file data_16.txt (compact mmCIF, C-alpha atoms)
# COMPACT_ATOMS: atom_id res chain seq x y z
CA MET P 1 75.63 -14.98 -34.06
CA ALA P 2 72.86 -17.56 -33.40
CA GLU P 3 71.94 -19.86 -36.27
CA LYS P 4 68.62 -19.03 -37.89
CA ARG P 5 65.77 -21.42 -37.28
CA ASP P 6 63.99 -23.10 -40.17
CA PHE P 7 61.23 -20.79 -41.42
CA TYR P 8 58.67 -23.62 -41.45
CA GLU P 9 59.57 -24.43 -37.85
CA VAL P 10 59.19 -20.75 -36.91
CA LEU P 11 55.58 -20.74 -38.20
CA GLY P 12 54.90 -24.25 -36.90
CA ILE P 13 53.89 -25.70 -40.28
CA ASP P 14 54.96 -28.53 -42.58
CA LYS P 15 57.11 -27.87 -45.64
CA GLY P 16 54.22 -28.74 -47.97
CA ALA P 17 51.86 -26.18 -46.41
CA ASP P 18 49.79 -24.17 -48.91
CA ASP P 19 49.27 -20.38 -48.98
CA ALA P 20 46.17 -20.54 -46.77
CA ALA P 21 47.98 -22.58 -44.11
CA ILE P 22 50.99 -20.25 -44.20
CA LYS P 23 48.79 -17.17 -43.80
CA LYS P 24 46.77 -18.78 -40.97
CA ALA P 25 49.94 -19.78 -39.11
CA TYR P 26 51.44 -16.31 -39.50
CA ARG P 27 48.28 -14.66 -38.18
CA SER P 28 48.30 -16.91 -35.11
CA MET P 29 52.01 -16.48 -34.34
CA ALA P 30 52.02 -12.73 -35.03
CA LYS P 31 49.12 -12.26 -32.63
CA LYS P 32 50.87 -14.36 -29.99
CA TYR P 33 54.11 -12.34 -30.09
CA HIS P 34 52.83 -8.91 -31.14
CA PRO P 35 54.64 -6.16 -29.12
CA ASP P 36 51.32 -4.44 -28.31
CA LEU P 37 50.15 -7.61 -26.60
CA ASN P 38 53.51 -8.22 -24.90
CA PRO P 39 54.71 -4.78 -23.73
CA GLY P 40 58.31 -4.77 -22.55
CA ASP P 41 58.91 -8.41 -23.46
CA LYS P 42 62.16 -8.45 -25.49
CA ASN P 43 61.87 -12.18 -26.18
CA ALA P 44 58.40 -11.74 -27.68
CA GLU P 45 59.71 -8.81 -29.76
CA GLU P 46 62.47 -11.01 -31.23
CA LYS P 47 59.99 -13.81 -31.89
CA PHE P 48 57.70 -11.34 -33.67
CA LYS P 49 60.57 -10.24 -35.94
CA GLU P 50 61.44 -13.88 -36.62
CA VAL P 51 57.82 -14.68 -37.54
CA ASN P 52 57.63 -11.69 -39.91
CA GLU P 53 60.88 -12.69 -41.62
CA ALA P 54 59.62 -16.24 -42.12
CA TYR P 55 56.31 -15.03 -43.58
CA GLU P 56 58.11 -12.52 -45.83
CA VAL P 57 59.84 -15.44 -47.57
CA LEU P 58 57.23 -18.21 -47.44
CA SER P 59 54.37 -15.99 -48.68
CA ASP P 60 56.28 -15.13 -51.87
CA PRO P 61 56.29 -18.03 -54.40
CA GLN P 62 59.70 -17.11 -55.83
CA LYS P 63 61.39 -16.59 -52.48
CA LYS P 64 59.75 -19.75 -51.12
CA ALA P 65 61.03 -21.78 -54.07
CA ALA P 66 64.54 -20.42 -53.54
CA TYR P 67 64.36 -21.14 -49.79
CA ASP P 68 63.06 -24.68 -50.36
CA ARG P 69 66.03 -25.35 -52.64
CA TYR P 70 68.88 -23.53 -50.91
CA GLY P 71 67.64 -22.71 -47.42
CA HIS P 72 68.90 -19.54 -45.73
CA ALA P 73 71.87 -19.45 -48.13
CA ALA P 74 69.51 -18.22 -50.85
CA PHE P 75 69.28 -14.86 -49.07
CA ASP P 76 72.81 -14.34 -47.78
CA GLN P 77 73.50 -11.67 -50.41
CA THR P 78 70.00 -10.24 -50.68
CA ALA P 79 68.48 -10.35 -47.22
CA GLY P 80 65.15 -8.51 -47.14
CA GLY P 81 64.33 -9.25 -50.75
CA GLY P 82 66.28 -6.39 -52.34
CA ALA P 83 64.20 -3.29 -52.91
CA GLY P 84 61.83 -3.34 -49.98
CA GLY P 85 60.74 -6.96 -50.38
CA PHE P 86 60.08 -6.86 -54.12
CA GLY P 87 60.91 -9.77 -56.35
CA GLY P 88 60.41 -10.32 -60.06
CA PHE P 89 58.33 -13.29 -61.19
CA GLY P 90 60.87 -14.57 -63.70
CA ASP P 91 64.52 -15.44 -63.65
CA PHE P 92 66.13 -13.07 -66.13
CA GLY P 93 69.38 -15.01 -66.15
CA ASP P 94 72.25 -14.01 -68.42
CA PHE P 95 71.33 -11.10 -70.68
CA GLY P 96 72.95 -12.66 -73.71
CA ASP P 97 72.10 -11.43 -77.20
CA ILE P 98 69.44 -8.74 -76.97
CA GLY P 99 68.31 -9.67 -80.46
CA ASP P 100 67.23 -13.05 -79.06
CA ILE P 101 65.37 -11.31 -76.24
CA PHE P 102 63.40 -9.13 -78.61
CA SER P 103 62.70 -12.17 -80.76
CA SER P 104 60.94 -13.75 -77.77
CA PHE P 105 59.25 -10.46 -76.83
CA PHE P 106 57.90 -9.51 -80.23
CA GLY P 107 57.88 -12.70 -82.25
CA GLY P 108 60.01 -13.73 -85.20
CA GLY P 109 59.80 -15.59 -88.48
CA GLY P 110 57.71 -14.59 -91.44
CA GLY P 111 55.06 -11.91 -91.90
CA SER P 112 54.87 -8.73 -93.90
CA SER P 113 57.76 -6.29 -93.81
CA SER P 114 55.43 -3.54 -92.56
CA ARG P 115 54.45 -5.64 -89.55
CA ARG P 116 58.00 -6.80 -88.89
CA ASN P 117 59.52 -3.32 -89.07
CA GLY P 118 56.54 -1.34 -87.75
CA PRO P 119 56.15 -0.06 -84.17
CA VAL P 120 55.71 -2.82 -81.59
CA ARG P 121 54.71 -2.23 -77.95
CA GLY P 122 57.16 -3.35 -75.27
CA SER P 123 56.46 -6.21 -72.87
CA ASP P 124 54.85 -5.75 -69.46
CA ILE P 125 56.97 -6.54 -66.40
CA ARG P 126 55.58 -8.22 -63.29
CA VAL P 127 56.87 -7.73 -59.75
CA ARG P 128 55.49 -8.66 -56.33
CA LEU P 129 55.13 -6.20 -53.47
CA ASN P 130 54.70 -7.20 -49.81
CA ILE P 131 53.04 -4.57 -47.60
CA THR P 132 51.57 -4.50 -44.10
CA PHE P 133 47.87 -4.55 -43.28
CA ASP P 134 47.99 -0.91 -42.12
CA GLU P 135 49.80 0.19 -45.30
CA ALA P 136 47.07 -1.41 -47.41
CA ALA P 137 44.32 0.23 -45.36
CA LYS P 138 45.83 3.72 -45.27
CA GLY P 139 47.92 3.82 -48.45
CA THR P 140 51.68 4.19 -48.74
CA LYS P 141 54.58 4.81 -51.12
CA LYS P 142 57.18 2.13 -51.86
CA THR P 143 60.30 1.98 -53.99
CA VAL P 144 60.82 -0.99 -56.27
CA THR P 145 63.90 -1.97 -58.25
CA TYR P 146 63.60 -4.31 -61.22
CA PRO P 147 65.45 -5.08 -64.49
CA ARG P 148 63.99 -3.76 -67.75
CA VAL P 149 64.99 -3.22 -71.38
CA GLU P 150 65.47 0.41 -72.44
CA GLU P 151 66.47 2.22 -75.59
CA CYS P 152 70.23 2.77 -75.71
CA PRO P 153 70.86 6.44 -74.79
CA GLU P 154 74.08 6.57 -76.82
CA CYS P 155 72.54 5.71 -80.18
CA SER P 156 68.82 6.44 -79.53
CA ALA P 157 67.97 2.81 -80.33
CA THR P 158 69.49 2.92 -83.84
CA GLY P 159 72.33 0.55 -82.93
CA ALA P 160 74.78 2.72 -84.89
CA LYS P 161 77.75 4.50 -83.35
CA LYS P 162 77.16 8.12 -82.39
CA GLY P 163 77.58 10.34 -85.45
CA THR P 164 76.69 7.54 -87.86
CA SER P 165 73.44 6.02 -89.10
CA PRO P 166 72.29 2.59 -90.24
CA GLU P 167 72.39 2.14 -94.00
CA THR P 168 69.55 0.86 -96.13
CA CYS P 169 70.13 -2.76 -97.07
CA ARG P 170 70.93 -2.98 -100.78
CA LYS P 171 69.76 -6.55 -101.16
CA CYS P 172 66.17 -5.88 -100.04
CA ASN P 173 66.11 -2.10 -100.59
CA GLY P 174 65.01 -1.58 -96.99
CA THR P 175 61.93 -3.83 -97.15
CA GLY P 176 63.46 -6.52 -94.94
CA THR P 177 62.27 -9.30 -97.26
CA VAL P 178 63.39 -10.90 -100.51
CA ARG P 179 61.51 -13.04 -103.02
CA VAL P 180 62.83 -16.52 -103.69
CA GLN P 181 61.81 -18.75 -106.59
CA GLN P 182 61.77 -22.53 -106.21
CA ARG P 183 60.95 -25.29 -108.66
CA THR P 184 58.28 -27.65 -107.37
CA MET P 185 56.09 -30.44 -108.74
CA LEU P 186 53.52 -27.74 -109.51
CA GLY P 187 56.02 -25.58 -111.33
CA MET P 188 57.91 -22.48 -110.25
CA MET P 189 56.76 -21.14 -106.89
CA GLN P 190 57.67 -17.73 -105.47
CA THR P 191 57.95 -17.15 -101.70
CA THR P 192 58.90 -14.19 -99.50
CA THR P 193 61.53 -14.68 -96.78
CA PRO P 194 63.46 -12.39 -94.41
CA CYS P 195 66.45 -10.80 -96.09
CA PRO P 196 69.59 -12.83 -95.23
CA ASP P 197 71.86 -9.76 -95.31
CA CYS P 198 69.99 -7.55 -92.81
CA GLY P 199 68.06 -10.22 -90.92
CA GLY P 200 64.73 -8.71 -91.99
CA LYS P 201 65.45 -5.28 -90.48
CA GLY P 202 65.92 -3.44 -93.77
CA LYS P 203 68.99 -1.70 -92.32
CA ILE P 204 72.64 -2.64 -92.00
CA ILE P 205 74.86 -1.24 -89.25
CA LYS P 206 78.45 -0.99 -90.39
CA ASP P 207 79.75 0.89 -87.34
CA PRO P 208 77.86 -0.47 -84.27
CA CYS P 209 77.35 1.46 -81.03
CA ASP P 210 79.86 0.47 -78.34
CA ASN P 211 77.31 0.83 -75.54
CA CYS P 212 74.71 -1.63 -76.86
CA ARG P 213 76.93 -3.50 -79.36
CA GLY P 214 74.69 -2.54 -82.22
CA LYS P 215 71.46 -3.89 -80.69
CA GLY P 216 69.92 -0.49 -79.97
CA TYR P 217 68.72 -1.61 -76.52
CA ILE P 218 70.27 -2.23 -73.12
CA ARG P 219 69.08 -3.76 -69.87
CA ILE P 220 69.25 -1.70 -66.67
CA ASN P 221 68.07 -1.95 -63.06
CA LYS P 222 65.40 0.70 -62.71
CA THR P 223 64.14 2.09 -59.39
CA ILE P 224 60.81 3.89 -59.17
CA GLU P 225 58.41 4.96 -56.42
CA VAL P 226 55.04 3.21 -56.49
CA THR P 227 51.99 4.83 -54.91
CA VAL P 228 49.80 2.25 -53.17
CA PRO P 229 46.28 3.68 -52.76
CA ALA P 230 44.40 3.40 -49.47
CA GLY P 231 41.98 0.49 -49.46
CA ILE P 232 43.88 -1.87 -51.75
CA ASN P 233 43.35 -5.52 -50.88
CA ASP P 234 45.44 -8.67 -50.95
CA GLU P 235 46.25 -10.05 -54.45
CA GLN P 236 45.15 -6.91 -56.28
CA THR P 237 47.34 -5.50 -59.05
CA LEU P 238 48.64 -1.98 -59.61
CA SER P 239 49.46 -0.96 -63.17
CA VAL P 240 52.19 1.66 -63.62
CA ARG P 241 51.99 2.94 -67.17
CA SER P 242 55.03 2.91 -69.48
CA GLN P 243 57.43 1.48 -66.89
CA GLY P 244 57.85 -1.90 -68.58
CA ASP P 245 60.22 -2.89 -71.39
CA ALA P 246 60.96 -0.58 -74.31
CA GLY P 247 59.01 -0.98 -77.53
CA ARG P 248 60.63 -1.69 -80.88
CA ASN P 249 60.78 0.56 -83.90
CA GLY P 250 59.31 3.50 -82.01
CA GLY P 251 56.65 1.42 -80.23
CA SER P 252 55.46 2.45 -76.75
CA TYR P 253 56.88 1.08 -73.50
CA GLY P 254 55.04 -1.73 -71.74
CA ASP P 255 53.62 -1.39 -68.22
CA LEU P 256 54.88 -2.40 -64.79
CA LEU P 257 52.35 -4.70 -63.09
CA VAL P 258 52.72 -4.71 -59.30
CA PHE P 259 51.04 -7.68 -57.60
CA VAL P 260 50.23 -6.68 -54.01
CA ASN P 261 50.57 -9.16 -51.15
CA VAL P 262 49.09 -7.89 -47.84
CA ARG P 263 50.33 -9.45 -44.62
CA PRO P 264 47.54 -10.57 -42.25
CA HIS P 265 46.84 -8.47 -39.15
CA PRO P 266 47.24 -10.12 -35.73
CA VAL P 267 43.93 -8.65 -34.49
CA PHE P 268 41.70 -7.68 -37.42
CA GLU P 269 40.16 -9.74 -40.18
CA ARG P 270 39.18 -7.85 -43.32
CA ARG P 271 36.08 -8.56 -45.41
CA GLY P 272 35.74 -6.06 -48.21
CA TYR P 273 36.16 -2.71 -46.49
CA ASP P 274 34.79 -3.88 -43.11
CA LEU P 275 36.96 -5.03 -40.20
CA TYR P 276 36.15 -7.76 -37.68
CA CYS P 277 37.74 -8.61 -34.34
CA GLU P 278 37.02 -10.17 -30.95
CA ILE P 279 37.15 -8.29 -27.62
CA PRO P 280 37.43 -10.28 -24.37
CA ILE P 281 35.40 -8.93 -21.41
CA SER P 282 35.01 -10.19 -17.87
CA PHE P 283 31.98 -11.94 -16.41
CA SER P 284 31.13 -8.91 -14.25
CA GLU P 285 31.52 -6.47 -17.18
CA ALA P 286 29.08 -8.55 -19.24
CA ALA P 287 26.57 -8.76 -16.39
CA LEU P 288 26.76 -5.16 -15.16
CA GLY P 289 27.73 -3.36 -18.36
CA ALA P 290 31.01 -1.51 -18.80
CA GLU P 291 33.08 0.78 -20.98
CA VAL P 292 35.53 -1.26 -23.05
CA SER P 293 38.47 -0.15 -25.17
CA VAL P 294 38.10 -1.19 -28.82
CA PRO P 295 41.20 -1.14 -31.10
CA THR P 296 40.88 0.56 -34.50
CA LEU P 297 43.35 1.33 -37.27
CA ASP P 298 43.89 4.73 -35.64
CA GLU P 299 43.27 5.29 -31.93
CA ASN P 300 41.37 3.04 -29.53
CA GLU P 301 37.68 3.83 -29.19
CA THR P 302 35.65 3.60 -25.96
CA TYR P 303 32.37 1.70 -26.30
CA THR P 304 29.71 1.13 -23.62
CA VAL P 305 28.65 -2.49 -23.49
CA PRO P 306 25.14 -2.76 -21.97
CA GLU P 307 24.41 -4.89 -18.94
CA GLY P 308 23.38 -8.47 -19.59
CA THR P 309 25.55 -8.76 -22.70
CA GLN P 310 25.93 -12.36 -23.85
CA THR P 311 29.12 -13.84 -25.25
CA GLY P 312 29.12 -13.74 -29.05
CA THR P 313 27.20 -10.45 -29.23
CA THR P 314 28.49 -8.23 -32.04
CA PHE P 315 28.61 -4.43 -31.96
CA THR P 316 29.47 -2.02 -34.79
CA LEU P 317 31.55 1.15 -34.98
CA LYS P 318 30.45 3.03 -38.10
CA GLY P 319 33.17 4.43 -40.36
CA LYS P 320 36.04 2.76 -38.49
CA GLY P 321 36.88 0.22 -41.16
CA VAL P 322 39.13 0.45 -44.23
CA GLN P 323 39.03 3.48 -46.54
CA LYS P 324 37.37 2.62 -49.82
CA LEU P 325 39.44 2.79 -53.01
CA ASN P 326 39.21 6.18 -54.72
CA SER P 327 36.87 7.45 -52.01
CA LYS P 328 36.99 9.19 -48.63
CA ASN P 329 34.32 6.89 -47.22
CA LYS P 330 35.24 4.00 -44.94
CA GLY P 331 33.79 0.65 -44.05
CA ASP P 332 32.67 -0.31 -40.53
CA LEU P 333 34.37 -2.10 -37.64
CA HIS P 334 32.47 -5.02 -36.10
CA PHE P 335 33.65 -6.42 -32.79
CA THR P 336 32.32 -9.49 -31.04
CA VAL P 337 32.54 -9.72 -27.26
CA VAL P 338 33.76 -12.96 -25.72
CA VAL P 339 32.87 -13.34 -22.05
CA GLU P 340 35.77 -14.88 -20.12
CA THR P 341 34.67 -17.33 -17.45
CA PRO P 342 36.77 -16.84 -14.29
CA LYS P 343 39.12 -19.69 -13.37
CA GLY P 344 41.11 -20.53 -10.25
CA LEU P 345 38.49 -19.23 -7.81
CA ASN P 346 39.21 -19.39 -4.09
CA PHE P 347 36.69 -20.69 -1.57
CA GLU P 348 35.16 -17.32 -0.80
CA GLN P 349 34.70 -16.47 -4.48
CA ARG P 350 33.12 -19.85 -5.19
CA GLU P 351 30.66 -19.36 -2.35
CA LEU P 352 29.74 -15.89 -3.57
CA LEU P 353 29.07 -17.19 -7.07
CA ARG P 354 27.05 -20.12 -5.72
CA LYS P 355 24.88 -17.77 -3.66
CA LEU P 356 24.53 -15.45 -6.64
CA GLY P 357 23.35 -18.35 -8.77
CA GLU P 358 20.85 -19.45 -6.14
CA SER P 359 19.51 -15.89 -5.90
CA PHE P 360 18.54 -15.96 -9.57
CA GLY P 361 16.26 -18.91 -9.03
CA ASP P 362 14.44 -20.06 -12.16
CA ARG P 363 15.52 -16.97 -14.11
CA SER P 364 18.98 -18.45 -14.64
CA LYS P 365 17.48 -21.53 -16.29
CA LYS P 366 15.25 -19.83 -18.87
CA GLY P 367 17.83 -20.17 -21.63
CA SER P 368 18.43 -23.87 -21.07
CA SER P 369 14.66 -24.50 -20.80
CA ARG P 370 14.06 -22.88 -24.19
CA PHE P 371 16.91 -24.92 -25.67
CA ARG P 372 15.45 -28.22 -24.35
CA LYS P 373 12.01 -27.29 -25.66
CA LYS P 374 13.44 -26.66 -29.16

call {"tool": "encode", "arguments": {"input": "data_16.txt", "output": "structure tokens"}}
result
Amino acid sequence: MAEKRDFYEVLGIDKGADDAAIKKAYRSMAKKYHPDLNPGDKNAEEKFKEVNEAYEVLSDPQKKAAYDRYGHAAFDQTAGGGAGGFGGFGDFGDFGDIGDIFSSFFGGGGGSSSRRNGPVRGSDIRVRLNITFDEAAKGTKKTVTYPRVEECPECSATGAKKGTSPETCRKCNGTGTVRVQQRTMLGMMQTTTPCPDCGGKGKIIKDPCDNCRGKGYIRINKTIEVTVPAGINDEQTLSVRSQGDAGRNGGSYGDLLVFVNVRPHPVFERRGYDLYCEIPISFSEAALGAEVSVPTLDENETYTVPEGTQTGTTFTLKGKGVQKLNSKNKGDLHFTVVVETPKGLNFEQRELLRKLGESFGDRSKKGSSRFRKK
């Protein structure tokens, strides 16, 4: 098996390249090797796959950081980014004591017993989703797998073994706090602190659940299907309700926030819901007029370019752009014609063009005359 090339080398960029440079390089290389532009060329097809793989990693901050540190070895066990190219923003590391995790999620320390033991909403979870240009324009469904904290199904988040229940702490009578008196320069002062026996929970678990070790919560890898609506754009966020971490004390689940990363298209440039591209035409097609094939997100459209068309002229196909979010309406497609000047002419062709130019007389110089006058 051939050794993989460096991803930066594949895209032709330096290691310190920013997001804009990475995206620009991908667009250029993807257009160069795109199968539609190189029909039947197996080498171009392999290059196109290689370019996509490089962009898949370098466009994702977490994957890029891992690649910069470990190279290709960072993805030996998880090639393709796991669940369809998704990656969490944070490093969850060792799960450890779930009590410590909830302390960071919900806060710790002092406060009233009602706030400490009342319902608290779970944390939101962030993941990144890479999709193609066409998937963003037309909508798609993707599966994503990510780690999250859930209520233990064995004990229903009580932390007590099945068939048993937590007992009310006798020291604090279930309030979670105790009053402590201290002698100070100003006399006796009374303060409220978390109960040392129950840790401020107001309950004591004598027979802990084996599944969660008395914590009431477990971490799992959850897989869900995410609906990506048609018309979503790069760097937009999808919010999936109640798919984040579990709440505490009966609090609601947090949300799953999906940050969408759209790969550039080798032909189209998107601005809002409109699409832009360039169409090359020949010198004779521009002069005489012709029917040209214009690519769209669906099928190619035939458009009649009028005679005398100048390079840089832009035409518009109404309703052939990107579908608007939460609407059936679409943007427009604007294409600019680029007249290709013929090269490598033989003697006969050169003579014909020379005679053609002479036949125009002063008409061929009107444009340059106006330019000099300005």

call {"tool": "closest_residue", "arguments": {"input": "data_16.txt", "among": "P:Cys195, P:Ile125, P:Ala44, P:Met189", "to": "Thr175 in chain P", "atoms": "only C-alpha atoms"}}
result
P:Cys195

call {"tool": "atom_distance", "arguments": {"input": "data_16.txt", "atom1": "CA of Ser239 in chain P", "atom2": "CA of Phe259 in chain P"}}
result
8.9 Å

call {"tool": "residues_around", "arguments": {"input": "data_16.txt", "residues": "Lys222 in chain P", "least_positions_apart": "6", "cutoff": "7 Å", "atoms": "all atoms listed in the file", "output": "list in words"}}
result
Thr145, Tyr146, Pro147 and Arg148 of chain P

call {"tool": "write_last_selection", "arguments": {"input": "data_16.txt", "atoms": "C-alpha atoms", "output": "PDB file, keeping the file's coordinate frame"}}
result
ATOM      1  CA  THR P 145      63.900  -1.970 -58.250  1.00  0.00           C
ATOM      2  CA  TYR P 146      63.600  -4.310 -61.220  1.00  0.00           C
ATOM      3  CA  PRO P 147      65.450  -5.080 -64.490  1.00  0.00           C
ATOM      4  CA  ARG P 148      63.990  -3.760 -67.750  1.00  0.00           C
TER       5      ARG P 148
END

call {"tool": "atom_distance", "arguments": {"input": "data_16.txt", "atom1": "CA of Phe283 in chain P", "atom2": "CA of Thr304 in chain P"}}
result
15.1 Å

call {"tool": "closest_residue", "arguments": {"input": "data_16.txt", "among": "P:Glu299, P:Asp36, P:Asp245, P:Glu235", "to": "Asp60 in chain P", "atoms": "all atoms listed in the file"}}
result
P:Glu235

call {"tool": "closest_residue", "arguments": {"input": "data_16.txt", "among": "P:Glu269, P:Glu150, P:Glu348, P:Glu50", "to": "Gly321 in chain P", "atoms": "all atoms listed in the file"}}
result
P:Glu269

call {"tool": "residues_around", "arguments": {"input": "data_16.txt", "residues": "Leu257 in chain P", "least_positions_apart": "6", "cutoff": "8 Å", "atoms": "all atoms listed in the file", "output": "list in words"}}
result
Asp124, Ile125, Arg126, Val127, Thr237, Leu238, Ser239 and Val240 of chain P

call {"tool": "residues_around", "arguments": {"input": "data_16.txt", "residues": "His72 in chain P", "least_positions_apart": "4", "cutoff": "10 Å", "atoms": "only C-alpha atoms", "output": "JSON list (two decimals) with C-alpha atoms, in the frame of the given file"}}
result
[["chain", "number", "residue", "atom", "x", "y", "z"],
["P", 3, "GLU", "CA", 71.94, -19.86, -36.27],
["P", 4, "LYS", "CA", 68.62, -19.03, -37.89],
["P", 5, "ARG", "CA", 65.77, -21.42, -37.28],
["P", 6, "ASP", "CA", 63.99, -23.10, -40.17],
["P", 7, "PHE", "CA", 61.23, -20.79, -41.42],
["P", 66, "ALA", "CA", 64.54, -20.42, -53.54],
["P", 67, "TYR", "CA", 64.36, -21.14, -49.79],
["P", 68, "ASP", "CA", 63.06, -24.68, -50.36],
["P", 76, "ASP", "CA", 72.81, -14.34, -47.78],
["P", 79, "ALA", "CA", 68.48, -10.35, -47.22]]

call {"tool": "closest_residue", "arguments": {"input": "data_16.txt", "among": "P:Pro264, P:Thr177, P:Ala65, P:Arg241", "to": "Tyr26 in chain P", "atoms": "all atoms listed in the file"}}
result
P:Pro264

call {"tool": "closest_residue", "arguments": {"input": "data_16.txt", "among": "P:Asp18, P:Asp274, P:Glu340, P:Glu358", "to": "Pro61 in chain P", "atoms": "only C-alpha atoms"}}
result
P:Asp18

call {"tool": "closest_residue", "arguments": {"input": "data_16.txt", "among": "P:Thr316, P:Asn52, P:Ser252, P:Thr158", "to": "Arg213 in chain P", "atoms": "only C-alpha atoms"}}
result
P:Thr158

call {"tool": "residues_around", "arguments": {"input": "data_16.txt", "residues": "Thr193 in chain P", "least_positions_apart": "2", "cutoff": "8 Å", "atoms": "only C-alpha atoms", "output": "list in words"}}
result
Gly110, Thr177, Val178, Arg179, Val180, Thr191 and Cys195 of chain P

call {"tool": "atom_distance", "arguments": {"input": "data_16.txt", "atom1": "CA of Val322 in chain P", "atom2": "CA of Ile232 in chain P"}}
result
9.2 Å

call {"tool": "residues_around", "arguments": {"input": "data_16.txt", "residues": "Gly289 in chain P", "least_positions_apart": "4", "cutoff": "12 Å", "atoms": "all atoms listed in the file", "output": "list in words"}}
result
Ile281, Ser282, Phe283, Ser284, Glu285, Tyr303, Thr304, Val305, Pro306, Glu307, Gly308, Thr309, Gln310, Val337 and Val339 of chain P
